[in-house]
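Novice: Can you read through this structure? Questions will come right after.
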Amino acid sequence: MSFHPEAVIDLSALTHNADVARRAAPNSKLMAVIKADAYGHGMLAVAQALSSVDGFAVARLEEAIKLRQAGIDKIILVLTGFSSQADLEQFCAYDLDAVIHSEYQVELLHSADVSTPISAWLKINTGMNRLGVDASAVPRLYDALQLSGKLRLPVKLMTHLACADDMNSSSTTSQISVFDEATLGLNGEQSIANSAGLLGWKHAQRHWVRPGIMLYGASPFCDSTASDDHLLPVMTLKSRVLSIRTVRKSGCVGYGSTWQANRTSLIAIVAIGYGDGYPRHAVTGTPVLVAGQVAPLVGCVSMDSITVDISQCNNVRVGDEVVLWGRGLPIEEVAEKSGTISYELLCGITHRVSRSIRETLNVE
């Protein structure tokens, strides 16, 4: 029996979540976002499992090349695009789609030697003020790209939503209006919706939708859990009870003695800590599933272990399984108690955690 933490990746849950996305946007093509090692789930395994999607999106050129070299032949969109002649050569060699988000990229394309036309997406800043060209510049830049002779036509059009996770925000409607005004009369497929846009804002569904976090079984909304949208967790982070000790009333636990027992308590030491990616800022009371029973984290998270009050649990023994998030314990609850978001938790699992792939699990 290993006491080392493990991330179990359930590919049947992944494909289920892709089906949820497909049903929610039946008239759109799916571009699965698998950047950052598929949000910590393993990019190649995820890409190979998602045979039903129409394309993939990654953040960096290196990720796209890795997918091509592994035999992935679907559309691959690089969200940061190109920044040099050498990059453009790689886009041509590996038949990759590029996001053009800045005027310097248009100028670079104009001056570069391109061996074969590539596919490009002109990204428009509609209010997020991150990547994207100004809406007022779209007609001029679109025409320049169309006439460059270096792109497959027509150029596609996209933007990114800043507040789609908040259904009470007016920002999303405003961004969509800016996009529609900027692209009026322009040909080319369009993409607006991320996971929250796909599920919550039907008028953001265009030719392509770009599901990310929802594929991995976490909610894209700020006030709900994945099960509200019939999503299943893909990653279940597990470990085991390493030791059990009795702490007398008024005894303290962990660094800084931040938790003090108000009665004689039974404390389980679990073999996982911030060195594995469990959040350092998880507060006392963060739920942990010990031998199938919910129990509260107590005291500070250490590098290699956490302490859990199992006083109200039955028959917990050394070696019993502990779930930190995933099946039986929504990641959103852990993220809320840690002052963060599920994205960060999933992406933060370190190399010390082994990953095992399950082709099928009996999911409800």
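Simple scheme: letters A, B, ... for chains in structure tokens order, numbers from 1 for residues in each chain, numbers from 1 for ligands in the order shown.
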So that I can see what lies close to Gln105 (chain A), please list as a PDB file with all heavy atoms, in the first residue's frame the residues with an atom at most 9 Å from it, counting only C-alpha atoms and leaving out residues fewer than 2 positions away in the same chain.
Specialist:
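What follows is the written file selection01.pdb:
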ATOM      1  N   GLY A  81      -0.525  32.903 -30.402  1.00  0.00           N
ATOM      2  CA  GLY A  81      -0.078  33.149 -31.747  1.00  0.00           C
ATOM      3  C   GLY A  81       1.426  33.066 -31.920  1.00  0.00           C
ATOM      4  O   GLY A  81       2.117  32.334 -31.213  1.00  0.00           O
ATOM      5  N   PHE A  82       1.937  33.833 -32.879  1.00  0.00           N
ATOM      6  CA  PHE A  82       3.367  33.811 -33.228  1.00  0.00           C
ATOM      7  C   PHE A  82       4.006  35.147 -32.853  1.00  0.00           C
ATOM      8  O   PHE A  82       3.335  36.180 -32.760  1.00  0.00           O
ATOM      9  CB  PHE A  82       3.553  33.540 -34.716  1.00  0.00           C
ATOM     10  CG  PHE A  82       2.736  34.445 -35.608  1.00  0.00           C
ATOM     11  CD1 PHE A  82       3.171  35.724 -35.918  1.00  0.00           C
ATOM     12  CD2 PHE A  82       1.515  34.015 -36.121  1.00  0.00           C
ATOM     13  CE1 PHE A  82       2.416  36.560 -36.730  1.00  0.00           C
ATOM     14  CE2 PHE A  82       0.745  34.856 -36.934  1.00  0.00           C
ATOM     15  CZ  PHE A  82       1.200  36.129 -37.234  1.00  0.00           C
ATOM     16  N   SER A  83       5.332  35.103 -32.657  1.00  0.00           N
ATOM     17  CA  SER A  83       6.048  36.335 -32.310  1.00  0.00           C
ATOM     18  C   SER A  83       7.355  36.493 -33.078  1.00  0.00           C
ATOM     19  O   SER A  83       8.121  37.420 -32.797  1.00  0.00           O
ATOM     20  CB  SER A  83       6.341  36.382 -30.809  1.00  0.00           C
ATOM     21  OG  SER A  83       7.121  35.275 -30.415  1.00  0.00           O
ATOM     22  N   SER A  84       7.621  35.616 -34.045  1.00  0.00           N
ATOM     23  CA  SER A  84       8.868  35.696 -34.804  1.00  0.00           C
ATOM     24  C   SER A  84       8.720  34.927 -36.117  1.00  0.00           C
ATOM     25  O   SER A  84       7.782  34.133 -36.299  1.00  0.00           O
ATOM     26  CB  SER A  84      10.021  35.101 -33.993  1.00  0.00           C
ATOM     27  OG  SER A  84       9.843  33.699 -33.837  1.00  0.00           O
ATOM     28  N   ILE A 100      -4.154  36.033 -33.886  1.00  0.00           N
ATOM     29  CA  ILE A 100      -3.507  37.331 -34.098  1.00  0.00           C
ATOM     30  C   ILE A 100      -4.211  38.330 -33.191  1.00  0.00           C
ATOM     31  O   ILE A 100      -5.390  38.645 -33.398  1.00  0.00           O
ATOM     32  CB  ILE A 100      -3.577  37.745 -35.576  1.00  0.00           C
ATOM     33  CG1 ILE A 100      -2.769  36.757 -36.415  1.00  0.00           C
ATOM     34  CG2 ILE A 100      -3.084  39.177 -35.767  1.00  0.00           C
ATOM     35  CD1 ILE A 100      -2.826  37.035 -37.902  1.00  0.00           C
ATOM     36  N   HIS A 101      -3.500  38.777 -32.168  1.00  0.00           N
ATOM     37  CA  HIS A 101      -4.104  39.596 -31.130  1.00  0.00           C
ATOM     38  C   HIS A 101      -3.496  40.990 -31.017  1.00  0.00           C
ATOM     39  O   HIS A 101      -3.948  41.807 -30.215  1.00  0.00           O
ATOM     40  CB  HIS A 101      -3.974  38.893 -29.774  1.00  0.00           C
ATOM     41  CG  HIS A 101      -2.568  38.505 -29.419  1.00  0.00           C
ATOM     42  ND1 HIS A 101      -1.628  39.418 -29.007  1.00  0.00           N
ATOM     43  CD2 HIS A 101      -1.937  37.301 -29.458  1.00  0.00           C
ATOM     44  CE1 HIS A 101      -0.475  38.794 -28.787  1.00  0.00           C
ATOM     45  NE2 HIS A 101      -0.631  37.506 -29.062  1.00  0.00           N
ATOM     46  N   SER A 102      -2.439  41.260 -31.821  1.00  0.00           N
ATOM     47  CA  SER A 102      -1.740  42.535 -31.727  1.00  0.00           C
ATOM     48  C   SER A 102      -1.307  42.988 -33.116  1.00  0.00           C
ATOM     49  O   SER A 102      -1.047  42.169 -34.003  1.00  0.00           O
ATOM     50  CB  SER A 102      -0.501  42.416 -30.828  1.00  0.00           C
ATOM     51  OG  SER A 102      -0.857  42.015 -29.524  1.00  0.00           O
ATOM     52  N   GLU A 103      -1.196  44.304 -33.283  1.00  0.00           N
ATOM     53  CA  GLU A 103      -0.819  44.839 -34.591  1.00  0.00           C
ATOM     54  C   GLU A 103       0.594  44.419 -34.994  1.00  0.00           C
ATOM     55  O   GLU A 103       0.889  44.262 -36.184  1.00  0.00           O
ATOM     56  CB  GLU A 103      -0.958  46.361 -34.598  1.00  0.00           C
ATOM     57  CG  GLU A 103      -2.407  46.822 -34.492  1.00  0.00           C
ATOM     58  CD  GLU A 103      -2.665  48.150 -35.187  1.00  0.00           C
ATOM     59  OE1 GLU A 103      -1.954  48.458 -36.167  1.00  0.00           O
ATOM     60  OE2 GLU A 103      -3.590  48.863 -34.747  1.00  0.00           O
ATOM     61  N   GLU A 107       2.082  43.156 -38.739  1.00  0.00           N
ATOM     62  CA  GLU A 107       3.285  43.689 -39.387  1.00  0.00           C
ATOM     63  C   GLU A 107       4.315  42.580 -39.624  1.00  0.00           C
ATOM     64  O   GLU A 107       4.958  42.534 -40.697  1.00  0.00           O
ATOM     65  CB  GLU A 107       3.880  44.798 -38.529  1.00  0.00           C
ATOM     66  CG  GLU A 107       2.945  46.010 -38.381  1.00  0.00           C
ATOM     67  CD  GLU A 107       3.379  46.951 -37.279  1.00  0.00           C
ATOM     68  OE1 GLU A 107       4.413  46.665 -36.622  1.00  0.00           O
ATOM     69  OE2 GLU A 107       2.681  47.962 -37.049  1.00  0.00           O
ATOM     70  N   LEU A 108       4.475  41.697 -38.644  1.00  0.00           N
ATOM     71  CA  LEU A 108       5.415  40.586 -38.792  1.00  0.00           C
ATOM     72  C   LEU A 108       4.994  39.680 -39.940  1.00  0.00           C
ATOM     73  O   LEU A 108       5.820  39.259 -40.762  1.00  0.00           O
ATOM     74  CB  LEU A 108       5.488  39.806 -37.483  1.00  0.00           C
ATOM     75  CG  LEU A 108       6.323  38.517 -37.488  1.00  0.00           C
ATOM     76  CD1 LEU A 108       7.781  38.819 -37.840  1.00  0.00           C
ATOM     77  CD2 LEU A 108       6.242  37.821 -36.133  1.00  0.00           C
ATOM     78  N   LEU A 109       3.724  39.378 -40.004  1.00  0.00           N
ATOM     79  CA  LEU A 109       3.220  38.525 -41.077  1.00  0.00           C
ATOM     80  C   LEU A 109       3.475  39.176 -42.439  1.00  0.00           C
ATOM     81  O   LEU A 109       3.870  38.499 -43.411  1.00  0.00           O
ATOM     82  CB  LEU A 109       1.726  38.268 -40.879  1.00  0.00           C
ATOM     83  CG  LEU A 109       1.050  37.320 -41.866  1.00  0.00           C
ATOM     84  CD1 LEU A 109       1.565  35.900 -41.675  1.00  0.00           C
ATOM     85  CD2 LEU A 109      -0.464  37.363 -41.692  1.00  0.00           C
ATOM     86  N   HIS A 110       3.285  40.477 -42.515  1.00  0.00           N
ATOM     87  CA  HIS A 110       3.477  41.201 -43.779  1.00  0.00           C
ATOM     88  C   HIS A 110       4.917  41.098 -44.274  1.00  0.00           C
ATOM     89  O   HIS A 110       5.163  40.936 -45.488  1.00  0.00           O
ATOM     90  CB  HIS A 110       3.093  42.669 -43.597  1.00  0.00           C
ATOM     91  CG  HIS A 110       3.313  43.505 -44.826  1.00  0.00           C
ATOM     92  ND1 HIS A 110       2.488  43.438 -45.929  1.00  0.00           N
ATOM     93  CD2 HIS A 110       4.265  44.426 -45.130  1.00  0.00           C
ATOM     94  CE1 HIS A 110       2.932  44.273 -46.858  1.00  0.00           C
ATOM     95  NE2 HIS A 110       3.999  44.883 -46.400  1.00  0.00           N
TER      96      HIS A 110
END
Novice: For Met303 (chain A), find every residue with an atom within 9 Å (counting only C-alpha atoms), except residues of its own chain fewer than 6 positions away, and show them as a count of residues only.
Specialist: 7
Novice: Enumerate, in order of chain and increasing residue number, the residues of region 16-88 of chain A with an atom no farther than 10 Å from region 116-129 of chain A, each with its shortest atom pair and distance in Å to one decimal, counting only C-alpha atoms, as JSON lines.
Specialist:
{"residue": "A:Ile75", "atom": "CA", "partner": "A:Ser119", "partner_atom": "CA", "distance": 9.6}
{"residue": "A:Leu77", "atom": "CA", "partner": "A:Ala120", "partner_atom": "CA", "distance": 8.6}
{"residue": "A:Val78", "atom": "CA", "partner": "A:Ala120", "partner_atom": "CA", "distance": 9.6}
{"residue": "A:Leu79", "atom": "CA", "partner": "A:Trp121", "partner_atom": "CA", "distance": 9.1}
{"residue": "A:Gly81", "atom": "CA", "partner": "A:Ala120", "partner_atom": "CA", "distance": 8.6}
{"residue": "A:Leu88", "atom": "CA", "partner": "A:Ile118", "partner_atom": "CA", "distance": 8.8}
Novice: Could those selected residues go to a file with C-alpha atoms, as a short mmCIF file (atom, residue, chain, number, x, y, z; two decimals), in the first residue's frame?
Specialist:
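So the final result, stored in part-v7.cif, reads:
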data_model
loop_
_atom_site.label_atom_id
_atom_site.label_comp_id
_atom_site.auth_asym_id
_atom_site.auth_seq_id
_atom_site.Cartn_x
_atom_site.Cartn_y
_atom_site.Cartn_z
CA ILE A 75 -7.28 21.74 -35.71
CA LEU A 77 -5.25 26.79 -32.17
CA VAL A 78 -2.37 28.54 -30.40
CA LEU A 79 -3.95 31.26 -28.29
CA GLY A 81 -0.08 33.15 -31.75
CA LEU A 88 5.74 31.26 -38.33
#
Novice: Can you check which residues of region 112-347 of chain A DSSP gives as alpha helix (DSSP H) on the backbone and send them as a VMD selection string?
Specialist: chain A and resid 138 to 146 171 to 182 195 to 200 331 to 337 342 to 347
Novice: From the list A:Pro330, A:Gly292, A:Gly348, A:Gly55, which residue is nearest Ser224 (chain A) when using only C-alpha atoms?
Specialist: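 Answer, going by the shortest atom-to-atom distance: A:Pro330.
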Novice: Which neighbours of Arg152 (chain A) fall inside 12 Å, counting only C-alpha atoms, when residues of the same chain fewer than 3 positions from it are skipped, and could you give them as a tab-separated table (two decimals) with C-alpha atoms, in the first residue's frame?
Specialist:
chain	number	residue	atom	x	y	z
A	92	CYS	CA	3.53	26.27	-41.40
A	95	ASP	CA	-0.25	23.17	-39.84
A	96	LEU	CA	-1.30	25.15	-36.76
A	97	ASP	CA	-3.91	27.89	-36.35
A	98	ALA	CA	-2.65	31.20	-34.96
A	114	VAL	CA	5.65	32.07	-45.34
A	116	THR	CA	2.44	27.89	-47.09
A	117	PRO	CA	-0.66	29.81	-45.97
A	118	ILE	CA	-1.76	29.26	-42.37
A	119	SER	CA	-5.12	29.64	-40.65
A	120	ALA	CA	-5.55	32.68	-38.42
A	121	TRP	CA	-8.06	34.04	-35.93
A	145	LEU	CA	-4.91	40.03	-43.26
A	146	GLN	CA	-7.32	39.04	-46.01
A	147	LEU	CA	-5.06	40.66	-48.62
A	148	SER	CA	-1.77	39.40	-47.21
A	149	GLY	CA	-1.66	36.30	-49.37
A	155	VAL	CA	-9.81	34.93	-41.43
A	156	LYS	CA	-11.76	33.78	-38.38
A	188	GLY	CA	-15.25	34.18	-41.31
